[in-house]
file target-v4.txt (compact mmCIF, C-alpha atoms)
# COMPACT_ATOMS: atom_id res chain seq x y z
CA MET A 1 0.46 32.46 -16.50
CA SER A 2 0.09 29.67 -13.97
CA LYS A 3 3.17 27.92 -12.62
CA THR A 4 3.35 24.31 -13.80
CA LEU A 5 5.80 21.54 -13.01
CA ILE A 6 6.30 17.94 -14.14
CA ARG A 7 8.36 15.84 -11.76
CA PRO A 8 9.05 12.18 -10.98
CA ALA A 9 6.71 10.73 -8.39
CA THR A 10 8.15 9.92 -4.97
CA PRO A 11 6.91 7.55 -2.26
CA ALA A 12 5.23 10.56 -0.62
CA ASP A 13 2.94 10.71 -3.69
CA ALA A 14 1.40 7.25 -3.14
CA ALA A 15 -1.95 8.52 -1.81
CA THR A 16 -2.04 11.26 -4.45
CA ILE A 17 -1.57 8.69 -7.22
CA VAL A 18 -4.47 6.65 -5.81
CA SER A 19 -6.62 9.78 -5.65
CA LEU A 20 -5.79 10.65 -9.26
CA VAL A 21 -6.56 7.10 -10.41
CA GLN A 22 -9.94 7.44 -8.68
CA ALA A 23 -10.53 10.77 -10.45
CA LEU A 24 -9.63 9.07 -13.74
CA ALA A 25 -12.19 6.34 -13.05
CA ILE A 26 -14.87 8.98 -12.50
CA TYR A 27 -13.85 10.73 -15.75
CA GLU A 28 -14.11 7.38 -17.59
CA ASN A 29 -17.60 6.78 -16.10
CA GLU A 30 -16.38 3.80 -14.08
CA PRO A 31 -17.57 3.11 -10.55
CA LEU A 32 -15.01 3.84 -7.84
CA THR A 33 -15.36 0.20 -6.78
CA SER A 34 -13.45 -0.62 -9.99
CA VAL A 35 -10.33 1.02 -8.52
CA LYS A 36 -8.56 -1.51 -6.31
CA ILE A 37 -5.14 0.16 -6.05
CA THR A 38 -4.05 1.32 -2.59
CA PRO A 39 -1.20 3.54 -1.43
CA GLU A 40 0.50 0.33 -0.24
CA ASP A 41 0.26 -1.08 -3.78
CA VAL A 42 1.82 2.10 -5.16
CA LEU A 43 4.66 1.93 -2.63
CA ARG A 44 5.32 -1.77 -3.30
CA ASP A 45 5.08 -1.67 -7.09
CA GLY A 46 6.31 1.84 -7.83
CA PHE A 47 9.05 2.21 -5.25
CA GLY A 48 9.81 -1.27 -3.90
CA PRO A 49 12.65 -3.64 -4.78
CA GLU A 50 10.81 -4.99 -7.87
CA ARG A 51 9.52 -1.80 -9.48
CA ARG A 52 6.62 -2.51 -11.81
CA PHE A 53 5.99 1.08 -12.89
CA GLU A 54 7.19 4.66 -12.76
CA ALA A 55 5.09 7.79 -12.53
CA LEU A 56 5.29 11.48 -13.22
CA ILE A 57 3.30 14.06 -11.27
CA ALA A 58 1.93 17.23 -12.85
CA GLU A 59 1.67 20.22 -10.52
CA LEU A 60 -0.19 23.47 -10.92
CA GLU A 61 0.79 26.20 -8.45
CA GLY A 62 2.47 23.54 -6.29
CA GLU A 63 -0.58 21.25 -6.15
CA PRO A 64 -0.57 17.77 -7.75
CA VAL A 65 -3.30 17.83 -10.42
CA GLY A 66 -2.28 15.11 -12.86
CA PHE A 67 -0.07 12.12 -13.46
CA ALA A 68 1.34 9.70 -15.98
CA LEU A 69 1.98 6.10 -14.96
CA PHE A 70 4.21 4.07 -17.29
CA PHE A 71 6.44 1.03 -17.59
CA HIS A 72 8.73 -0.60 -20.11
CA ASN A 73 7.49 -3.03 -22.73
CA TYR A 74 9.60 -4.72 -25.40
CA SER A 75 9.42 -4.90 -29.18
CA THR A 76 10.76 -8.09 -30.69
CA TRP A 77 10.68 -6.42 -34.11
CA GLU A 78 12.75 -3.46 -32.96
CA GLY A 79 14.86 -5.47 -30.54
CA ARG A 80 14.48 -2.60 -28.10
CA ALA A 81 12.42 -1.55 -25.13
CA GLY A 82 9.54 0.86 -25.41
CA ILE A 83 7.40 2.69 -22.94
CA TYR A 84 3.76 1.85 -22.33
CA VAL A 85 1.69 4.62 -20.79
CA GLU A 86 -0.96 3.01 -18.61
CA ASP A 87 -2.55 6.28 -17.50
CA LEU A 88 -2.16 9.93 -18.39
CA PHE A 89 -4.65 12.20 -16.66
CA VAL A 90 -5.10 15.82 -15.60
CA LEU A 91 -7.91 16.96 -13.34
CA GLU A 92 -10.58 18.94 -15.17
CA ARG A 93 -9.96 22.10 -13.16
CA ALA A 94 -6.31 22.09 -14.24
CA ARG A 95 -6.85 21.46 -17.94
CA GLY A 96 -5.91 24.19 -20.38
CA ASN A 97 -2.56 24.87 -18.70
CA GLY A 98 -0.54 22.62 -21.00
CA LEU A 99 0.02 19.90 -18.39
CA GLY A 100 -1.14 17.05 -20.64
CA ARG A 101 1.30 18.18 -23.31
CA GLN A 102 4.06 18.57 -20.72
CA LEU A 103 3.41 15.04 -19.43
CA ILE A 104 3.50 13.45 -22.89
CA THR A 105 6.61 15.41 -23.92
CA ALA A 106 8.31 14.36 -20.65
CA LEU A 107 7.44 10.74 -21.45
CA ALA A 108 8.85 11.16 -24.95
CA ALA A 109 12.05 12.64 -23.48
CA ILE A 110 12.37 9.67 -21.09
CA ALA A 111 11.79 7.23 -23.96
CA ASP A 112 14.33 9.02 -26.14
CA ALA A 113 16.96 9.17 -23.39
CA ARG A 114 16.51 5.44 -22.71
CA GLY A 115 16.81 4.48 -26.36
CA CYS A 116 13.21 3.35 -26.59
CA LYS A 117 11.84 2.82 -30.07
CA ARG A 118 8.14 3.14 -29.20
CA LEU A 119 5.80 4.94 -26.87
CA ASP A 120 2.44 3.15 -26.66
CA LEU A 121 -0.84 4.04 -25.02
CA ASN A 122 -4.55 3.28 -25.28
CA VAL A 123 -7.29 5.89 -25.50
CA LEU A 124 -11.00 5.29 -25.10
CA ASP A 125 -12.87 5.77 -28.38
CA TRP A 126 -15.01 8.62 -26.99
CA ASN A 127 -12.15 10.52 -25.35
CA PRO A 128 -11.69 13.98 -26.90
CA THR A 129 -7.93 13.83 -26.18
CA ARG A 130 -7.65 11.59 -29.24
CA ASP A 131 -7.56 14.78 -31.33
CA PHE A 132 -4.70 16.10 -29.20
CA TYR A 133 -2.72 12.87 -29.69
CA HIS A 134 -3.27 12.99 -33.45
CA ARG A 135 -2.08 16.61 -33.58
CA ILE A 136 1.22 15.75 -31.89
CA GLY A 137 1.89 12.68 -34.06
CA ILE A 138 0.61 9.82 -31.90
CA ASN A 139 -1.33 7.64 -34.29
CA HIS A 140 -4.24 5.29 -33.80
CA LEU A 141 -3.23 1.79 -34.92
CA LYS A 142 -6.36 0.70 -36.75
CA GLU A 143 -4.99 -2.73 -37.63
CA TRP A 144 -4.25 -3.71 -33.99
CA LEU A 145 -7.11 -4.67 -31.72
CA PRO A 146 -6.68 -4.73 -27.94
CA TYR A 147 -7.40 -8.02 -26.19
CA ARG A 148 -7.41 -8.73 -22.48
CA ILE A 149 -7.96 -11.56 -20.03
CA THR A 150 -8.58 -10.95 -16.33
CA GLN A 151 -9.06 -13.03 -13.19
CA PRO A 152 -10.68 -15.51 -12.68
CA ALA A 153 -10.24 -16.43 -16.35
CA ILE A 154 -6.44 -16.14 -15.97
CA ALA A 155 -6.49 -18.74 -13.20
CA ALA A 156 -8.70 -21.05 -15.26
CA LEU A 157 -6.36 -20.79 -18.25
CA ALA A 158 -3.28 -21.17 -16.04
CA ALA A 159 -4.70 -24.40 -14.63
CA GLN A 160 -4.29 -25.88 -18.12
CA ALA A 161 -0.54 -25.14 -18.27
CA ASP A 162 2.15 -27.79 -18.10
CA ARG A 163 3.81 -26.66 -14.89
CA ALA A 164 6.67 -29.14 -14.94
CA TRP A 165 9.08 -26.37 -15.88
CA PHE A 166 7.45 -23.65 -13.80
CA PRO A 167 8.77 -22.93 -10.30
CA ARG A 168 6.13 -23.45 -7.68
CA PRO A 169 5.57 -20.81 -4.99
call {"tool": "encode", "arguments": {"input": "target-v4.txt", "output": "structure tokens"}}
result
Amino acid sequence: MSKTLIRPATPADAATIVSLVQALAIYENEPLTSVKITPEDVLRDGFGPERRFEALIAELEGEPVGFALFFHNYSTWEGRAGIYVEDLFVLERARGNGLGRQLITALAAIADARGCKRLDLNVLDWNPTRDFYHRIGINHLKEWLPYRITQPAIAALAAQADRAWFPRP
């Protein structure tokens, strides 16, 4: 059996995380130009003074082959934090070794230890891992539809805000 390991990411993993995000983009049939993240972004936002995310690294035989990137969200109904999984990905050549399951169970253990009431993630409709998530009890919320706004539409909408109360940069 192959040796696997799930561990917290460190600053030394910044370039690896970028590489894995690029591999995820390829898997999701997105052009690499869609991936804007840099190792500097990872260092600033994952390991800087204002951490925006955390990450786990999945290793197979000592080589990083997958990751999970996550951050806290908050449920007003529960009155507790949750964890949102932005990305969970294992390279194709490393699949079948249980690393995806190990990543999601590690995330569940983190959520449980931190008193989180929810663990949320999004899965593309064509992604075969949906069956895996269903088998382990992660359910598709049919009544909730994802919505998103991106730049430059954010800036256009923000221009309409009453900024009297908002601190200016």
call {"tool": "residues_around", "arguments": {"input": "target-v4.txt", "residues": "stretch 122-125 of chain A", "least_positions_apart": "6", "cutoff": "12 Å", "atoms": "all atoms listed in the file", "output": "VMD selection string"}}
result
chain A and resid 27 to 29 70 84 to 89 131 to 134 138 to 142 144 to 147
call {"tool": "closest_atom_pairs", "arguments": {"input": "target-v4.txt", "of": "stretch 58-91 of chain A", "to": "stretch 117-120 of chain A", "cutoff": "8 Å", "atoms": "all atoms listed in the file", "output": "JSON lines"}}
result
{"residue": "A:Glu78", "atom": "CA", "partner": "A:Lys117", "partner_atom": "CA", "distance": 7.0}
{"residue": "A:Arg80", "atom": "CA", "partner": "A:Lys117", "partner_atom": "CA", "distance": 6.3}
{"residue": "A:Ala81", "atom": "CA", "partner": "A:Lys117", "partner_atom": "CA", "distance": 6.6}
{"residue": "A:Gly82", "atom": "CA", "partner": "A:Arg118", "partner_atom": "CA", "distance": 4.6}
{"residue": "A:Ile83", "atom": "CA", "partner": "A:Leu119", "partner_atom": "CA", "distance": 4.8}
{"residue": "A:Tyr84", "atom": "CA", "partner": "A:Asp120", "partner_atom": "CA", "distance": 4.7}
{"residue": "A:Val85", "atom": "CA", "partner": "A:Asp120", "partner_atom": "CA", "distance": 6.1}
call {"tool": "atom_distance", "arguments": {"input": "target-v4.txt", "atom1": "atom CA of A:Ala55", "atom2": "atom CA of A:Phe67"}}
result
6.8 Å
call {"tool": "closest_residue", "arguments": {"input": "target-v4.txt", "among": "A:Gly48, A:Gly137, A:Gly98, A:Gly66", "to": "A:Leu24", "atoms": "only C-alpha atoms"}}
result
A:Gly66
call {"tool": "decode", "arguments": {"input": "target-v4.txt", "residues": "stretch 43-81 of chain A", "atoms": "N, CA and C atoms", "output": "short mmCIF file (atom, residue, chain, number, x, y, z; two decimals), in the first residue's frame"}}
result
data_model
loop_
_atom_site.label_atom_id
_atom_site.label_comp_id
_atom_site.auth_asym_id
_atom_site.auth_seq_id
_atom_site.Cartn_x
_atom_site.Cartn_y
_atom_site.Cartn_z
N LEU A 43 1.28 33.32 0.07
CA LEU A 43 2.01 33.71 1.27
C LEU A 43 1.30 34.82 2.03
N ARG A 44 0.81 35.83 1.31
CA ARG A 44 0.12 36.96 1.95
C ARG A 44 -1.19 36.51 2.61
N ASP A 45 -2.01 35.77 1.85
CA ASP A 45 -3.36 35.48 2.32
C ASP A 45 -3.48 34.18 3.12
N GLY A 46 -2.52 33.29 2.98
CA GLY A 46 -2.56 32.04 3.73
C GLY A 46 -1.67 32.02 4.95
N PHE A 47 -0.66 32.91 4.95
CA PHE A 47 0.32 32.85 6.03
C PHE A 47 0.70 34.23 6.58
N GLY A 48 0.07 35.27 6.05
CA GLY A 48 0.37 36.63 6.49
C GLY A 48 -0.38 37.01 7.76
N PRO A 49 -0.28 38.29 8.14
CA PRO A 49 -0.92 38.74 9.38
C PRO A 49 -2.44 38.70 9.35
N GLU A 50 -3.04 38.83 8.18
CA GLU A 50 -4.51 38.72 8.03
C GLU A 50 -4.82 37.50 7.18
N ARG A 51 -4.76 36.34 7.81
CA ARG A 51 -4.98 35.08 7.08
C ARG A 51 -6.39 35.02 6.53
N ARG A 52 -6.50 34.76 5.26
CA ARG A 52 -7.79 34.66 4.57
C ARG A 52 -8.20 33.21 4.37
N PHE A 53 -7.25 32.30 4.41
CA PHE A 53 -7.54 30.89 4.20
C PHE A 53 -6.51 30.02 4.89
N GLU A 54 -6.85 28.74 4.98
CA GLU A 54 -5.93 27.71 5.44
C GLU A 54 -5.91 26.64 4.36
N ALA A 55 -4.92 25.78 4.39
CA ALA A 55 -4.85 24.72 3.40
C ALA A 55 -4.25 23.46 4.02
N LEU A 56 -4.67 22.35 3.47
CA LEU A 56 -4.08 21.05 3.78
C LEU A 56 -3.41 20.54 2.52
N ILE A 57 -2.33 19.82 2.69
CA ILE A 57 -1.62 19.21 1.57
C ILE A 57 -1.74 17.70 1.70
N ALA A 58 -2.05 17.04 0.59
CA ALA A 58 -2.09 15.58 0.54
C ALA A 58 -0.81 15.10 -0.13
N GLU A 59 -0.11 14.19 0.52
CA GLU A 59 1.12 13.64 -0.03
C GLU A 59 0.96 12.15 -0.30
N LEU A 60 1.60 11.73 -1.37
CA LEU A 60 1.71 10.32 -1.73
C LEU A 60 3.18 10.02 -1.89
N GLU A 61 3.69 9.11 -1.07
CA GLU A 61 5.12 8.76 -1.09
C GLU A 61 5.99 10.01 -0.97
N GLY A 62 5.57 10.96 -0.11
CA GLY A 62 6.35 12.15 0.17
C GLY A 62 6.21 13.27 -0.84
N GLU A 63 5.38 13.07 -1.88
CA GLU A 63 5.20 14.09 -2.91
C GLU A 63 3.83 14.73 -2.78
N PRO A 64 3.76 16.07 -2.78
CA PRO A 64 2.45 16.73 -2.73
C PRO A 64 1.67 16.44 -4.01
N VAL A 65 0.46 15.89 -3.84
CA VAL A 65 -0.36 15.50 -5.00
C VAL A 65 -1.80 15.98 -4.88
N GLY A 66 -2.12 16.73 -3.84
CA GLY A 66 -3.47 17.22 -3.66
C GLY A 66 -3.52 18.26 -2.56
N PHE A 67 -4.67 18.91 -2.48
CA PHE A 67 -4.82 19.95 -1.45
C PHE A 67 -6.29 20.21 -1.19
N ALA A 68 -6.53 20.84 -0.06
CA ALA A 68 -7.83 21.39 0.28
C ALA A 68 -7.57 22.80 0.80
N LEU A 69 -8.27 23.77 0.25
CA LEU A 69 -8.15 25.16 0.68
C LEU A 69 -9.49 25.55 1.28
N PHE A 70 -9.47 26.11 2.48
CA PHE A 70 -10.72 26.38 3.20
C PHE A 70 -10.61 27.62 4.06
N PHE A 71 -11.75 28.12 4.49
CA PHE A 71 -11.81 29.27 5.38
C PHE A 71 -13.12 29.21 6.15
N HIS A 72 -13.20 30.02 7.20
CA HIS A 72 -14.42 30.04 8.01
C HIS A 72 -15.49 30.91 7.36
N ASN A 73 -16.72 30.45 7.46
CA ASN A 73 -17.89 31.26 7.16
C ASN A 73 -18.70 31.34 8.46
N TYR A 74 -19.89 31.88 8.39
CA TYR A 74 -20.67 32.02 9.62
C TYR A 74 -22.15 31.80 9.31
N SER A 75 -22.80 31.04 10.15
CA SER A 75 -24.23 30.80 10.04
C SER A 75 -24.98 31.62 11.07
N THR A 76 -25.80 32.55 10.60
CA THR A 76 -26.62 33.32 11.54
C THR A 76 -27.68 32.44 12.17
N TRP A 77 -28.13 31.42 11.48
CA TRP A 77 -29.15 30.53 12.03
C TRP A 77 -28.58 29.67 13.14
N GLU A 78 -27.36 29.19 12.94
CA GLU A 78 -26.71 28.36 13.96
C GLU A 78 -26.04 29.21 15.03
N GLY A 79 -25.70 30.45 14.68
CA GLY A 79 -24.94 31.27 15.61
C GLY A 79 -23.54 30.73 15.83
N ARG A 80 -23.01 30.08 14.82
CA ARG A 80 -21.69 29.46 14.91
C ARG A 80 -20.98 29.56 13.56
N ALA A 81 -19.67 29.45 13.64
CA ALA A 81 -18.86 29.40 12.43
C ALA A 81 -19.03 28.05 11.75
#
